[in-house]
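Listing of entry_4.cif, mmCIF, C-alpha atoms
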data_work
loop_
_atom_site.label_atom_id
_atom_site.label_comp_id
_atom_site.auth_asym_id
_atom_site.auth_seq_id
_atom_site.Cartn_x
_atom_site.Cartn_y
_atom_site.Cartn_z
CA MET A 68 21.29 18.96 -22.43
CA SER A 69 17.83 17.52 -22.10
CA THR A 70 14.86 19.70 -22.85
CA LYS A 71 11.94 20.43 -20.61
CA LYS A 72 8.76 18.54 -21.42
CA ARG A 73 5.33 19.78 -20.42
CA ILE A 74 2.42 17.38 -20.54
CA GLN A 75 -1.15 18.43 -19.93
CA ASN A 76 -4.27 16.56 -18.85
CA GLN A 77 -3.29 12.93 -19.09
CA SER A 78 -5.54 10.19 -17.78
CA ALA A 79 -3.64 8.45 -15.02
CA TRP A 80 -3.77 6.12 -12.03
CA ILE A 81 -1.49 6.25 -9.02
CA LEU A 82 0.05 2.84 -8.45
CA HIS A 83 2.11 3.64 -5.40
CA HIS A 84 3.24 6.62 -3.35
CA ARG A 85 5.88 7.13 -0.75
CA PRO A 86 6.67 10.10 1.44
CA PHE A 87 9.61 12.22 0.39
CA SER A 88 11.32 14.95 2.40
CA ASN A 89 9.14 17.04 4.72
CA SER A 90 5.87 17.39 2.92
CA SER A 91 6.27 15.88 -0.54
CA MET A 92 5.50 12.53 -2.10
CA ILE A 93 7.02 10.48 -4.86
CA LEU A 94 4.31 8.91 -7.01
CA GLU A 95 4.52 5.90 -9.26
CA ILE A 96 1.94 6.52 -11.94
CA MET A 97 0.40 4.65 -14.86
CA THR A 98 -0.59 7.07 -17.60
CA CYS A 99 -2.53 6.52 -20.77
CA GLU A 100 -0.04 7.80 -23.36
CA TYR A 101 3.26 7.89 -21.49
CA GLY A 102 3.22 4.51 -19.76
CA ARG A 103 4.57 4.16 -16.25
CA ILE A 104 6.25 7.28 -14.89
CA SER A 105 7.54 8.64 -11.57
CA LEU A 106 6.61 12.13 -10.44
CA ILE A 107 7.28 14.20 -7.38
CA ALA A 108 4.25 15.96 -5.87
CA LYS A 109 5.78 18.87 -3.98
CA GLY A 110 4.13 19.88 -0.73
CA SER A 111 1.34 17.36 -1.24
CA ARG A 112 1.39 16.16 2.37
CA SER A 113 0.96 19.61 3.88
CA ALA A 114 -2.41 20.66 5.25
CA LYS A 115 -3.02 23.31 2.64
CA SER A 116 -1.99 21.38 -0.46
CA LYS A 117 -4.37 21.50 -3.41
CA PHE A 118 -3.60 17.81 -3.95
CA ARG A 119 -4.94 16.77 -0.56
CA GLY A 120 -7.36 13.87 -0.74
CA ILE A 121 -6.81 13.51 -4.47
CA LEU A 122 -3.52 11.68 -4.81
CA ARG A 123 -4.76 8.25 -3.80
CA PRO A 124 -4.37 4.91 -5.50
CA PHE A 125 -7.51 3.68 -7.33
CA MET A 126 -8.67 7.23 -8.04
CA PRO A 127 -9.21 8.02 -11.74
CA LEU A 128 -7.12 11.15 -12.32
CA SER A 129 -6.29 13.67 -14.96
CA ILE A 130 -2.80 15.03 -14.35
CA SER A 131 -0.32 17.52 -15.79
CA TRP A 132 3.42 17.57 -15.20
CA PHE A 133 6.75 18.76 -16.50
CA SER A 134 9.98 16.87 -16.59
CA ARG A 135 13.59 17.43 -17.46
CA THR A 136 15.03 14.27 -15.94
CA ASN A 137 13.35 10.93 -15.31
CA LEU A 138 11.68 12.30 -12.18
CA GLY A 139 9.13 14.90 -13.28
CA THR A 140 7.11 17.32 -11.17
CA LEU A 141 3.35 17.09 -10.84
CA THR A 142 1.65 20.42 -11.51
CA GLU A 143 -2.07 19.63 -11.66
CA ALA A 144 -4.28 16.73 -10.63
CA GLU A 145 -8.03 16.41 -10.82
CA ILE A 146 -10.42 13.58 -10.19
CA GLN A 147 -11.82 12.33 -13.46
CA GLY A 148 -15.16 10.62 -12.97
CA ALA A 149 -16.52 8.92 -9.90
CA PRO A 150 -13.97 7.69 -7.32
CA ILE A 151 -13.69 3.92 -7.09
CA SER A 152 -14.00 2.45 -3.66
CA LEU A 153 -12.32 -0.85 -3.00
CA ALA A 154 -12.50 -2.57 0.35
CA GLY A 155 -11.24 -5.75 1.94
CA ASP A 156 -10.10 -8.46 -0.46
CA ALA A 157 -10.81 -6.28 -3.49
CA LEU A 158 -8.50 -3.61 -2.10
CA ILE A 159 -5.67 -6.05 -1.39
CA SER A 160 -6.15 -7.46 -4.91
CA GLY A 161 -5.95 -3.92 -6.25
CA TYR A 162 -2.58 -3.54 -4.56
CA TYR A 163 -1.50 -6.83 -6.11
CA ILE A 164 -2.42 -5.56 -9.58
CA ASN A 165 -0.55 -2.33 -8.91
CA GLU A 166 2.54 -4.22 -7.84
CA LEU A 167 2.40 -6.35 -11.00
CA LEU A 168 2.45 -3.20 -13.14
CA LEU A 169 5.22 -1.68 -11.02
CA LYS A 170 7.43 -4.71 -11.40
CA LEU A 171 6.58 -5.95 -14.89
CA LEU A 172 6.48 -2.69 -16.87
CA TYR A 173 9.48 -0.62 -17.83
CA LYS A 174 9.31 3.09 -17.11
CA ASP A 175 8.49 5.61 -19.85
CA ASP A 176 7.33 2.87 -22.20
CA PRO A 177 3.86 3.74 -23.54
CA HIS A 178 1.32 0.95 -23.04
CA TYR A 179 -2.05 2.24 -24.13
CA GLU A 180 -3.67 -1.21 -23.97
CA VAL A 181 -2.28 -2.03 -20.54
CA PHE A 182 -3.73 1.27 -19.34
CA SER A 183 -7.22 0.38 -20.56
CA LEU A 184 -6.90 -3.18 -19.23
CA TYR A 185 -5.93 -1.74 -15.84
CA SER A 186 -8.79 0.79 -15.81
CA GLU A 187 -11.35 -1.85 -16.72
CA THR A 188 -10.04 -4.34 -14.16
CA ILE A 189 -10.04 -1.82 -11.31
CA LYS A 190 -13.60 -0.79 -12.15
CA LYS A 191 -14.75 -4.42 -12.30
CA LEU A 192 -12.93 -5.14 -9.05
CA SER A 193 -15.12 -2.62 -7.24
CA LEU A 194 -18.29 -4.26 -8.56
CA THR A 195 -17.73 -8.00 -8.33
CA SER A 196 -17.47 -10.51 -5.55
CA GLN A 197 -15.75 -13.00 -7.90
CA ILE A 198 -12.25 -11.62 -7.52
CA ALA A 199 -10.09 -14.64 -8.38
CA PRO A 200 -11.35 -15.13 -12.00
CA LEU A 201 -10.89 -11.42 -12.63
CA LEU A 202 -7.30 -11.53 -11.38
CA ARG A 203 -6.47 -14.55 -13.54
CA GLN A 204 -7.95 -12.86 -16.63
CA PHE A 205 -5.93 -9.76 -15.86
CA GLU A 206 -2.72 -11.74 -15.47
CA ILE A 207 -3.22 -13.64 -18.75
CA LYS A 208 -4.06 -10.48 -20.69
CA LEU A 209 -1.21 -8.50 -19.12
CA LEU A 210 1.35 -11.18 -20.02
CA GLU A 211 0.00 -11.16 -23.56
CA LEU A 212 0.20 -7.37 -23.87
CA ILE A 213 3.79 -7.14 -22.65
CA GLY A 214 4.89 -9.85 -25.07
CA TYR A 215 4.88 -12.99 -22.94
CA ALA A 216 1.62 -14.57 -24.07
CA LEU A 217 0.94 -18.09 -22.83
CA ASN A 218 0.74 -20.73 -25.49
CA LEU A 219 -1.92 -23.12 -24.24
CA ARG A 220 -3.32 -24.20 -27.60
CA GLU A 221 -0.88 -26.86 -28.61
CA VAL A 222 2.18 -28.84 -27.62
CA VAL A 223 5.30 -26.78 -28.16
CA ASN A 224 6.93 -26.92 -31.63
CA SER A 225 4.11 -29.03 -33.04
CA GLN A 226 0.60 -28.67 -34.30
CA ILE A 227 -0.66 -31.31 -31.88
CA PRO A 228 -3.74 -29.98 -30.05
CA ILE A 229 -4.22 -30.47 -26.33
CA ASP A 230 -5.89 -33.74 -25.39
CA SER A 231 -8.27 -33.54 -22.41
CA LEU A 232 -7.05 -36.71 -20.78
CA SER A 233 -3.27 -36.30 -21.14
CA TYR A 234 -0.91 -34.59 -18.74
CA TYR A 235 1.22 -31.62 -19.71
CA GLU A 236 3.97 -29.67 -18.08
CA TYR A 237 4.30 -25.94 -18.73
CA LYS A 238 7.89 -24.78 -19.07
CA PRO A 239 8.00 -20.97 -18.84
CA GLU A 240 10.70 -20.47 -21.45
CA VAL A 241 9.24 -23.01 -23.94
CA GLY A 242 5.58 -23.93 -23.54
CA LEU A 243 3.61 -27.14 -23.05
CA VAL A 244 5.29 -30.53 -23.22
CA VAL A 245 3.63 -33.93 -22.80
CA VAL A 246 4.46 -35.83 -19.60
CA GLN A 247 3.43 -39.28 -18.44
CA ASN A 248 2.04 -38.54 -14.97
CA ASN A 249 0.77 -35.60 -12.96
CA GLU A 250 3.74 -35.22 -10.67
CA GLY A 251 5.45 -31.85 -10.38
CA ALA A 252 4.26 -28.34 -9.59
CA MET A 253 3.75 -27.30 -13.21
CA THR A 254 1.90 -30.39 -14.46
CA PHE A 255 -1.74 -30.08 -15.48
CA LEU A 256 -4.46 -32.21 -16.99
CA GLY A 257 -5.31 -31.36 -20.62
CA SER A 258 -8.93 -30.51 -19.82
CA GLN A 259 -7.79 -27.92 -17.27
CA ILE A 260 -5.33 -26.40 -19.75
CA ARG A 261 -8.23 -26.05 -22.18
CA SER A 262 -10.46 -24.35 -19.62
CA ILE A 263 -7.67 -21.94 -18.71
CA GLN A 264 -7.08 -21.21 -22.38
CA GLN A 265 -10.77 -20.43 -22.83
CA GLN A 266 -10.70 -18.46 -19.56
CA ASN A 267 -13.56 -20.56 -18.30
CA PHE A 268 -13.10 -20.25 -14.56
CA GLU A 269 -16.46 -21.52 -13.35
CA CYS A 270 -14.92 -24.64 -11.83
CA GLU A 271 -12.98 -24.14 -8.58
CA ASP A 272 -10.40 -26.68 -9.63
CA THR A 273 -9.59 -24.84 -12.87
CA LEU A 274 -9.22 -21.63 -10.91
CA ARG A 275 -6.75 -23.28 -8.56
CA CYS A 276 -4.78 -24.68 -11.52
CA ALA A 277 -4.76 -21.28 -13.24
CA ASN A 278 -3.48 -19.72 -10.03
CA ARG A 279 -0.71 -22.31 -9.75
CA LEU A 280 0.26 -21.87 -13.40
CA LEU A 281 0.23 -18.07 -13.42
CA LYS A 282 2.03 -17.76 -10.09
CA LYS A 283 4.96 -19.71 -11.52
CA ILE A 284 4.98 -17.89 -14.86
CA ILE A 285 4.82 -14.48 -13.23
CA SER A 286 7.61 -15.24 -10.80
CA TYR A 287 9.65 -16.46 -13.80
CA GLN A 288 8.97 -13.16 -15.59
CA LEU A 289 9.89 -11.19 -12.49
CA GLY A 290 13.28 -12.86 -12.58
CA GLY A 291 13.89 -13.10 -8.84
CA LYS A 292 12.00 -9.97 -7.78
CA LYS A 293 9.58 -10.90 -4.98
CA LEU A 294 5.97 -9.75 -4.90
CA MET A 295 5.49 -8.09 -1.51
CA THR A 296 1.68 -8.15 -1.73
CA ARG A 297 1.82 -11.96 -1.92
CA LYS A 298 3.84 -12.06 1.29
CA VAL A 299 1.34 -9.78 3.04
CA ILE A 300 -1.66 -11.76 1.74
CA GLU A 301 -0.09 -14.97 3.04
CA GLU A 302 0.51 -13.34 6.44
CA MET A 303 -3.12 -12.23 6.55
CA LYS A 304 -4.44 -15.68 5.63
CA ARG A 305 -2.22 -17.35 8.21
CA ASN A 306 -3.46 -15.02 10.93
CA GLU A 307 -7.09 -15.68 10.02
CA LYS A 308 -6.74 -19.35 10.81
CA MET B 3 37.97 26.43 4.90
CA SER B 4 36.82 23.40 6.84
CA TYR B 5 35.68 23.17 10.43
CA SER B 6 37.37 21.20 13.19
CA PRO B 7 36.57 17.47 13.40
CA LEU B 8 34.33 17.81 16.46
CA LEU B 9 32.31 20.55 14.84
CA ILE B 10 31.96 18.59 11.62
CA ASN B 11 30.76 15.57 13.60
CA LEU B 12 28.19 17.69 15.41
CA ILE B 13 26.83 19.19 12.21
CA GLU B 14 26.64 15.78 10.53
CA ALA B 15 24.90 14.28 13.59
CA LEU B 16 22.27 17.04 13.68
CA ARG B 17 21.34 16.29 10.09
CA CYS B 18 19.73 13.01 11.12
CA MET B 19 16.67 14.98 12.26
CA PRO B 20 13.73 15.37 9.88
CA GLY B 21 13.74 18.65 7.97
CA ILE B 22 17.28 19.56 9.02
CA GLY B 23 19.67 20.06 6.13
CA ARG B 24 23.29 21.19 6.13
CA LYS B 25 22.58 24.89 6.71
CA SER B 26 20.08 24.40 9.52
CA ALA B 27 22.42 21.90 11.17
CA GLN B 28 25.21 24.43 11.03
CA ARG B 29 23.00 27.16 12.50
CA ILE B 30 21.86 24.92 15.36
CA ALA B 31 25.45 23.86 16.08
CA PHE B 32 26.67 27.48 16.23
CA HIS B 33 23.73 28.56 18.37
CA LEU B 34 24.36 25.79 20.90
CA LEU B 35 28.09 26.54 21.07
CA GLU B 36 27.84 30.32 21.13
CA ARG B 37 24.84 30.90 23.33
CA ASP B 38 23.53 27.79 25.01
CA ARG B 39 26.16 25.31 26.11
CA GLU B 40 24.06 24.38 29.14
CA GLY B 41 21.15 23.56 26.84
CA ALA B 42 23.48 21.50 24.65
CA LYS B 43 24.57 19.43 27.64
CA ILE B 44 20.99 18.83 28.74
CA LEU B 45 20.09 17.87 25.16
CA SER B 46 22.90 15.40 24.92
CA THR B 47 22.14 13.67 28.23
CA SER B 48 18.41 13.47 27.53
CA LEU B 49 19.00 12.13 24.03
CA MET B 50 21.34 9.52 25.43
CA ALA B 51 18.94 8.49 28.18
CA ALA B 52 15.97 8.36 25.81
CA ALA B 53 17.79 6.37 23.15
CA ASN B 54 18.99 3.84 25.72
CA ASP B 55 15.94 3.43 27.92
CA ILE B 56 12.76 4.11 25.99
CA GLY B 57 11.04 1.01 24.70
CA HIS B 58 7.43 0.12 23.98
CA CYS B 59 4.56 -0.29 26.43
CA GLN B 60 3.83 -4.01 26.80
CA LYS B 61 0.16 -3.43 26.28
CA CYS B 62 -0.36 -0.63 23.78
CA ARG B 63 3.09 -0.22 22.16
CA MET B 64 3.36 3.46 23.22
CA PHE B 65 6.92 4.73 23.74
CA THR B 66 7.78 4.45 27.42
CA GLU B 67 10.73 3.56 29.65
CA VAL B 68 8.56 1.53 32.04
CA GLU B 69 6.63 -1.66 31.42
CA LEU B 70 3.20 -0.05 31.13
CA CYS B 71 2.64 3.49 29.89
CA ASN B 72 0.73 6.12 31.86
CA ILE B 73 -2.54 5.42 30.10
CA CYS B 74 -2.37 1.64 30.44
CA SER B 75 -1.48 1.82 34.12
CA ALA B 76 -3.98 4.59 35.01
CA SER B 77 -6.93 3.57 37.15
CA GLY B 78 -10.48 4.51 36.25
CA ARG B 79 -10.16 4.10 32.48
CA ASP B 80 -12.59 1.92 30.58
CA GLU B 81 -10.63 -1.28 29.96
CA LYS B 82 -13.29 -2.78 27.73
CA SER B 83 -12.72 -0.31 24.94
CA ILE B 84 -9.63 -0.17 22.71
CA CYS B 85 -8.91 2.60 20.25
CA VAL B 86 -6.43 1.67 17.50
CA VAL B 87 -4.28 4.46 16.03
CA GLU B 88 -1.33 4.63 13.64
CA SER B 89 1.13 6.74 15.64
CA PRO B 90 1.85 7.93 19.20
CA ALA B 91 1.02 11.49 18.13
CA ASP B 92 -2.52 10.32 17.31
CA VAL B 93 -3.01 9.22 20.93
CA MET B 94 -2.18 12.71 22.17
CA ALA B 95 -4.46 14.32 19.59
CA LEU B 96 -7.39 12.10 20.63
CA GLU B 97 -6.71 12.53 24.35
CA ASP B 98 -6.74 16.32 24.01
CA ALA B 99 -9.72 16.58 21.70
CA THR B 100 -12.21 13.89 22.63
CA GLY B 101 -12.36 13.08 26.31
CA TYR B 102 -12.16 9.38 25.38
CA ARG B 103 -11.22 7.44 28.49
CA GLY B 104 -10.62 3.94 27.19
CA MET B 105 -7.43 2.15 26.23
CA TYR B 106 -5.29 2.44 23.11
CA PHE B 107 -3.28 0.31 20.75
CA ILE B 108 -0.62 1.90 18.55
CA LEU B 109 0.26 0.24 15.25
CA MET B 110 3.34 2.40 14.51
CA GLY B 111 2.36 2.44 10.84
CA HIS B 112 -0.31 0.99 8.56
CA LEU B 113 -0.71 -1.96 6.21
CA SER B 114 1.16 -1.26 3.01
CA PRO B 115 1.20 -4.41 0.90
CA ILE B 116 3.48 -3.06 -1.86
CA ASP B 117 6.11 -2.09 0.72
CA GLY B 118 5.71 -5.51 2.32
CA ILE B 119 4.28 -4.11 5.57
CA GLY B 120 1.81 -6.70 6.78
CA PRO B 121 0.00 -7.58 10.03
CA ASP B 122 3.18 -8.95 11.63
CA ASP B 123 4.96 -5.60 11.32
CA LEU B 124 2.10 -3.79 13.08
CA GLY B 125 2.12 -5.96 16.18
CA LEU B 126 -1.35 -7.28 15.46
CA GLU B 127 -0.49 -10.58 17.13
CA GLN B 128 -0.14 -8.62 20.34
CA LEU B 129 -3.57 -7.04 19.78
CA GLU B 130 -5.08 -10.44 19.10
CA ILE B 131 -3.72 -11.70 22.43
CA ARG B 132 -5.51 -8.80 24.11
CA PHE B 133 -8.73 -9.79 22.28
CA LYS B 134 -8.32 -13.31 23.66
CA GLU B 135 -7.24 -12.56 27.19
CA GLU B 136 -9.03 -9.36 28.10
CA GLU B 137 -12.71 -8.68 28.15
CA ILE B 138 -12.99 -6.25 25.25
CA SER B 139 -16.40 -5.10 24.09
CA GLU B 140 -15.57 -2.26 21.71
CA LEU B 141 -12.87 -1.58 19.13
CA ILE B 142 -12.61 1.98 17.83
CA ILE B 143 -10.55 2.16 14.66
CA ALA B 144 -8.94 5.57 14.26
CA THR B 145 -6.56 4.93 11.37
CA ASN B 146 -5.86 7.72 8.91
CA SER B 147 -8.27 8.47 6.11
CA THR B 148 -5.97 7.15 3.39
CA VAL B 149 -6.28 4.05 1.24
CA GLU B 150 -3.75 2.31 3.50
CA GLY B 151 -5.70 3.45 6.55
CA ASP B 152 -8.85 1.93 5.00
CA ALA B 153 -7.09 -1.37 4.33
CA THR B 154 -5.83 -1.46 7.91
CA ALA B 155 -9.28 -0.63 9.27
CA HIS B 156 -10.90 -3.41 7.26
CA TYR B 157 -8.38 -5.96 8.46
CA LEU B 158 -8.83 -4.87 12.09
CA ALA B 159 -12.61 -5.04 11.79
CA GLU B 160 -12.44 -8.60 10.48
CA MET B 161 -10.11 -9.55 13.29
CA ALA B 162 -12.52 -8.07 15.85
CA SER B 163 -15.49 -9.90 14.35
CA ARG B 164 -13.70 -13.23 14.86
CA TYR B 165 -13.80 -12.48 18.58
CA ASP B 166 -17.33 -11.04 18.55
CA ILE B 167 -16.08 -7.57 19.34
CA GLY B 168 -18.06 -4.67 17.92
CA ALA B 169 -15.83 -2.48 15.75
CA SER B 170 -16.46 1.06 14.58
CA ARG B 171 -14.41 3.48 12.51
CA ILE B 172 -14.19 7.19 13.23
CA ALA B 173 -16.27 9.26 10.80
CA HIS B 174 -14.74 11.32 8.03
CA GLY B 175 -16.35 14.14 6.15
CA ILE B 176 -16.96 17.88 6.03
CA PRO B 177 -14.73 19.80 8.48
CA LEU B 178 -16.47 21.95 11.06
CA GLY B 179 -17.22 25.35 9.59
CA GLY B 180 -16.60 23.93 6.12
CA GLU B 181 -18.59 25.04 3.11
CA LEU B 182 -19.57 22.35 0.65
CA GLU B 183 -18.46 24.36 -2.35
CA TYR B 184 -14.84 24.29 -1.19
CA VAL B 185 -14.66 20.70 0.00
CA ASP B 186 -12.82 18.29 -2.30
CA GLY B 187 -14.86 15.72 -4.21
CA GLY B 188 -13.50 12.66 -2.41
CA THR B 189 -14.33 14.00 1.05
CA LEU B 190 -17.73 15.19 -0.09
CA SER B 191 -18.68 11.80 -1.51
CA HIS B 192 -17.51 10.10 1.70
CA ALA B 193 -19.54 12.52 3.77
CA PHE B 194 -22.57 12.06 1.55
CA PHE B 195 -22.59 8.27 1.66
CA GLY B 196 -21.79 8.27 5.37
CA ARG B 197 -24.69 10.61 6.17
CA ARG B 198 -26.64 9.84 9.29
CA VAL B 199 -30.14 10.19 10.62
CA ILE B 200 -30.81 13.29 12.71
CA GLU B 201 -32.13 12.19 16.06
#
Is it possible to express this structure as structure tokens?
Amino acid sequence: MSTKKRIQNQSAWILHHRPFSNSSMILEIMTCEYGRISLIAKGSRSAKSKFRGILRPFMPLSISWFSRTNLGTLTEAEIQGAPISLAGDALISGYYINELLLKLLYKDDPHYEVFSLYSETIKKLSLTSQIAPLLRQFEIKLLELIGYALNLREVVNSQIPIDSLSYYEYKPEVGLVVVQNNEGAMTFLGSQIRSIQQQNFECEDTLRCANRLLKKIISYQLGGKKLMTRKVIEEMKRNEK
Amino acid sequence: MSYSPLLINLIEALRCMPGIGRKSAQRIAFHLLERDREGAKILSTSLMAAANDIGHCQKCRMFTEVELCNICSASGRDEKSICVVESPADVMALEDATGYRGMYFILMGHLSPIDGIGPDDLGLEQLEIRFKEEEISELIIATNSTVEGDATAHYLAEMASRYDIGASRIAHGIPLGGELEYVDGGTLSHAFFGRRVIE
């Protein structure tokens, strides 16, 4: 028989919530010491709930819960620090980041560094107008922290450094290989690979290349799972035209 | 002991309603059979008629069995103003509380990117057609005060600005009769930053 665990005052972010039964919610949460967990917040949608207005994504929280199975019960939640307000593109990007964590992290696997990366990125997101470089940096760092770091320093299985004027193809399961021309969706110029490696995203072209590269690598890592936020962002962009 | 097939069917069917579990379904079934067979017959015919005939208003997406709902077909309402809400219940709440006499548009939900609910699922194409074809001067965004409601509001406001339509969002803050000490931090900060000049 499993034992009952009680955890007090953990720093946490809500990644996603969905209504459950009459007045409750199921929360997908990223915590500092316990990784990604699911909790039920009983009665949290009723008018008199103490959780009202608190259980929102992008709100820095301190939470307590108990659990016997893999779905625990939230007992306390407080706002920790100033609420972060995201709007427009920053908000949609925030959802994208949340979905990445939901789909790339295993549950109940502590990821202290991912938690701090997430906290920093969300805070920066509310302050900057340069969203794309921030997202690319987040993606690169996240892949590194969960054990799928990109190798952009050298050609795979060799010590040969990247030459600015040559073309390379990135194969997700291997790394960079030299190719003769720039045909193909995963082919990049050496100078762009270098800029991406140094996370120097000042040039629009590099940013586009980084986006192309990371999109492919992430969808490879997701192994067939689709990112819904991407679909919605595409719908929004299409409608704007 | 198990009930007869018809009774089991009835109890199972009643459970499709929100908040009705096995026990409540059983109680409702017994009540209808013991004391209110007439009511049960009326219920069954109205459910059948509603499920077959009720669709959406062509203009505002309200539930109705005719082409245009009562509000859209009423005369004397301000056709230049559209108020966007998330659910049909919100229309009734606003009608009762505010005396607003413009038109509505019902999204039947809100943007929820992680669940894959985007503009297409909320009928925003239909709203855009209204922006193009009708002479709209004001868009009132009355989505819920949740993060999803905010995202929806922002998207609607951008859409309105493409057609030079002035958009506003309903205010959120301290409830009437509310004391600051007991108001949650999030609401208080919203109210504080959304403060307005006393005229």
Closest contacts (chain A/chain B, max 10 Å, all atoms listed in the file) as a tab-separated table:
residue	atom	partner	partner_atom	distance
A:Leu82	CA	B:Ile116	CA	9.5
A:His83	CA	B:Ile116	CA	7.7
A:His84	CA	B:Ile116	CA	9.8
A:Arg85	CA	B:Asp117	CA	9.3
A:Ser88	CA	B:Gly21	CA	7.1
A:Asn89	CA	B:Gly21	CA	5.9
A:Ser90	CA	B:Gly21	CA	9.4
A:Lys117	CA	B:Asp186	CA	9.1
A:Phe118	CA	B:Asp186	CA	9.4
A:Arg119	CA	B:Asp186	CA	8.2
A:Gly120	CA	B:Gly188	CA	6.5
A:Ile121	CA	B:Gly188	CA	7.1
A:Leu122	CA	B:Thr148	CA	9.7
A:Arg123	CA	B:Val149	CA	6.7
A:Pro124	CA	B:Val149	CA	7.1
A:Phe125	CA	B:Val149	CA	8.7
A:Met126	CA	B:Gly188	CA	9.2
A:Glu145	CA	B:Gly187	CA	9.5
A:Ile146	CA	B:Gly187	CA	7.7
A:Ala149	CA	B:Gly188	CA	8.9
A:Pro150	CA	B:Gly188	CA	7.0
A:Ile151	CA	B:Gly188	CA	9.9
A:Ser152	CA	B:Val149	CA	9.3
A:Leu153	CA	B:Val149	CA	8.9
A:Ala154	CA	B:Ala153	CA	6.8
A:Gly155	CA	B:His156	CA	5.8
A:Asp156	CA	B:Ala153	CA	9.1
A:Ala157	CA	B:Ala153	CA	10.0
A:Leu158	CA	B:Ala153	CA	7.0
A:Ile159	CA	B:Pro115	CA	7.4
A:Ser160	CA	B:Pro115	CA	9.9
A:Tyr162	CA	B:Ile116	CA	6.7
A:Tyr163	CA	B:Ile116	CA	7.6
A:Asn165	CA	B:Ile116	CA	8.2
A:Glu166	CA	B:Ile116	CA	6.2
A:Leu167	CA	B:Ile116	CA	9.8
A:Leu169	CA	B:Ile116	CA	9.4
A:Lys293	CA	B:Gly118	CA	9.9
A:Leu294	CA	B:Ile116	CA	7.8
A:Met295	CA	B:Gly118	CA	4.6
A:Thr296	CA	B:Pro115	CA	4.6
A:Arg297	CA	B:Pro115	CA	8.1
A:Lys298	CA	B:Gly118	CA	6.9
A:Val299	CA	B:Gly120	CA	4.9
A:Ile300	CA	B:Pro115	CA	7.9
A:Glu301	CA	B:Gly120	CA	9.3
A:Glu302	CA	B:Gly120	CA	6.8
A:Met303	CA	B:Pro121	CA	6.6
A:Asn306	CA	B:Glu127	CA	8.2
A:Glu307	CA	B:Met161	CA	7.6
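Picture a line from atom CA of Phe195 of chain B to atom CA of Gly179 of chain B; it runs 19.6 Å.
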- Can you list, as a PyMOL selection string, every protein, DNA or RNA residue that comes within 10 Å of Leu219 of chain A when you count only C-alpha atoms, leaving out same-chain residues fewer than 4 positions away? chain A and resi 223+228-229+237+242-243+257+260-265
Produce a file of the selected residues containing C-alpha atoms, as a short mmCIF file (atom, residue, chain, number, x, y, z; two decimals), keeping the file's coordinate frame.
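File part-v6.cif, as written:
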data_model
loop_
_atom_site.label_atom_id
_atom_site.label_comp_id
_atom_site.auth_asym_id
_atom_site.auth_seq_id
_atom_site.Cartn_x
_atom_site.Cartn_y
_atom_site.Cartn_z
CA VAL A 223 5.30 -26.78 -28.16
CA PRO A 228 -3.74 -29.98 -30.05
CA ILE A 229 -4.22 -30.47 -26.33
CA TYR A 237 4.30 -25.94 -18.73
CA GLY A 242 5.58 -23.93 -23.54
CA LEU A 243 3.61 -27.14 -23.05
CA GLY A 257 -5.31 -31.36 -20.62
CA ILE A 260 -5.33 -26.40 -19.75
CA ARG A 261 -8.23 -26.05 -22.18
CA SER A 262 -10.46 -24.35 -19.62
CA ILE A 263 -7.67 -21.94 -18.71
CA GLN A 264 -7.08 -21.21 -22.38
CA GLN A 265 -10.77 -20.43 -22.83
#
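Atom pair atom CA of Tyr234 of chain A / atom CA of Phe268 of chain A: separated by 19.3 Å.
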- Could you write out as a ChimeraX atom specification the residues that the PyMOL selection byres ((chain B and resi 169) around 6) matches in the shown file? /B:140-142,159,168,170
- Residues near Ser89 of chain B, cut-off 10 Å, all atoms listed in the file, skip fewer than 2 positions along chain, as number ranges by chain: B: 63-64, 86-87, 91-94, 107-112, 145-146
- Task: Might you spell out which residues the PyMOL selection byres ((chain A and resi 106-116) around 7) would select in the displayed file, as a ChimeraX atom specification?
- Result: /A:90-95,104-105,117-119,138-141
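Considering the residues A:Glu269, A:Lys170, A:Val244, A:Pro177 and counting all atoms listed in the file, Ser225 of chain A has its shortest atom-to-atom contact with A:Val244.
For the choices B:Pro90, B:Gly41, B:Gly101, B:Gly196, the atom-to-atom distance to Gly175 of chain B is smallest for B:Gly196 when using all atoms listed in the file.
Straight-line separation from atom CA of Tyr179 of chain A to atom CA of Ala199 of chain A: 24.4 Å.
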Leaving out segment 132-137 of chain A and any residue of its chain fewer than 5 positions from it, which residues lie within 7 Å of it when counting all atoms listed in the file, given as a PDB file with C-alpha atoms, keeping the file's coordinate frame?
ATOM      1  CA  SER A  69      17.830  17.520 -22.100  1.00  0.00           C
ATOM      2  CA  THR A  70      14.860  19.700 -22.850  1.00  0.00           C
ATOM      3  CA  LYS A  71      11.940  20.430 -20.610  1.00  0.00           C
ATOM      4  CA  LYS A  72       8.760  18.540 -21.420  1.00  0.00           C
ATOM      5  CA  ARG A  73       5.330  19.780 -20.420  1.00  0.00           C
ATOM      6  CA  ILE A  74       2.420  17.380 -20.540  1.00  0.00           C
ATOM      7  CA  GLN A  75      -1.150  18.430 -19.930  1.00  0.00           C
ATOM      8  CA  THR A 142       1.650  20.420 -11.510  1.00  0.00           C
ATOM      9  CA  GLU A 143      -2.070  19.630 -11.660  1.00  0.00           C
TER      10      GLU A 143
END
Extract, using all atoms listed in the file, all DNA, RNA and protein residues at most 7 Å from Ile138 of chain B, discarding same-chain residues fewer than 2 positions from it, and format them as a compact mmCIF listing (two decimals) with C-alpha atoms, in the frame of the given file.
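Writing done, so here's selection-v3.txt:
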# COMPACT_ATOMS: atom_id res chain seq x y z
CA LYS B 82 -13.29 -2.78 27.73
CA SER B 83 -12.72 -0.31 24.94
CA PHE B 133 -8.73 -9.79 22.28
CA GLU B 136 -9.03 -9.36 28.10
CA GLU B 140 -15.57 -2.26 21.71
CA ILE B 167 -16.08 -7.57 19.34
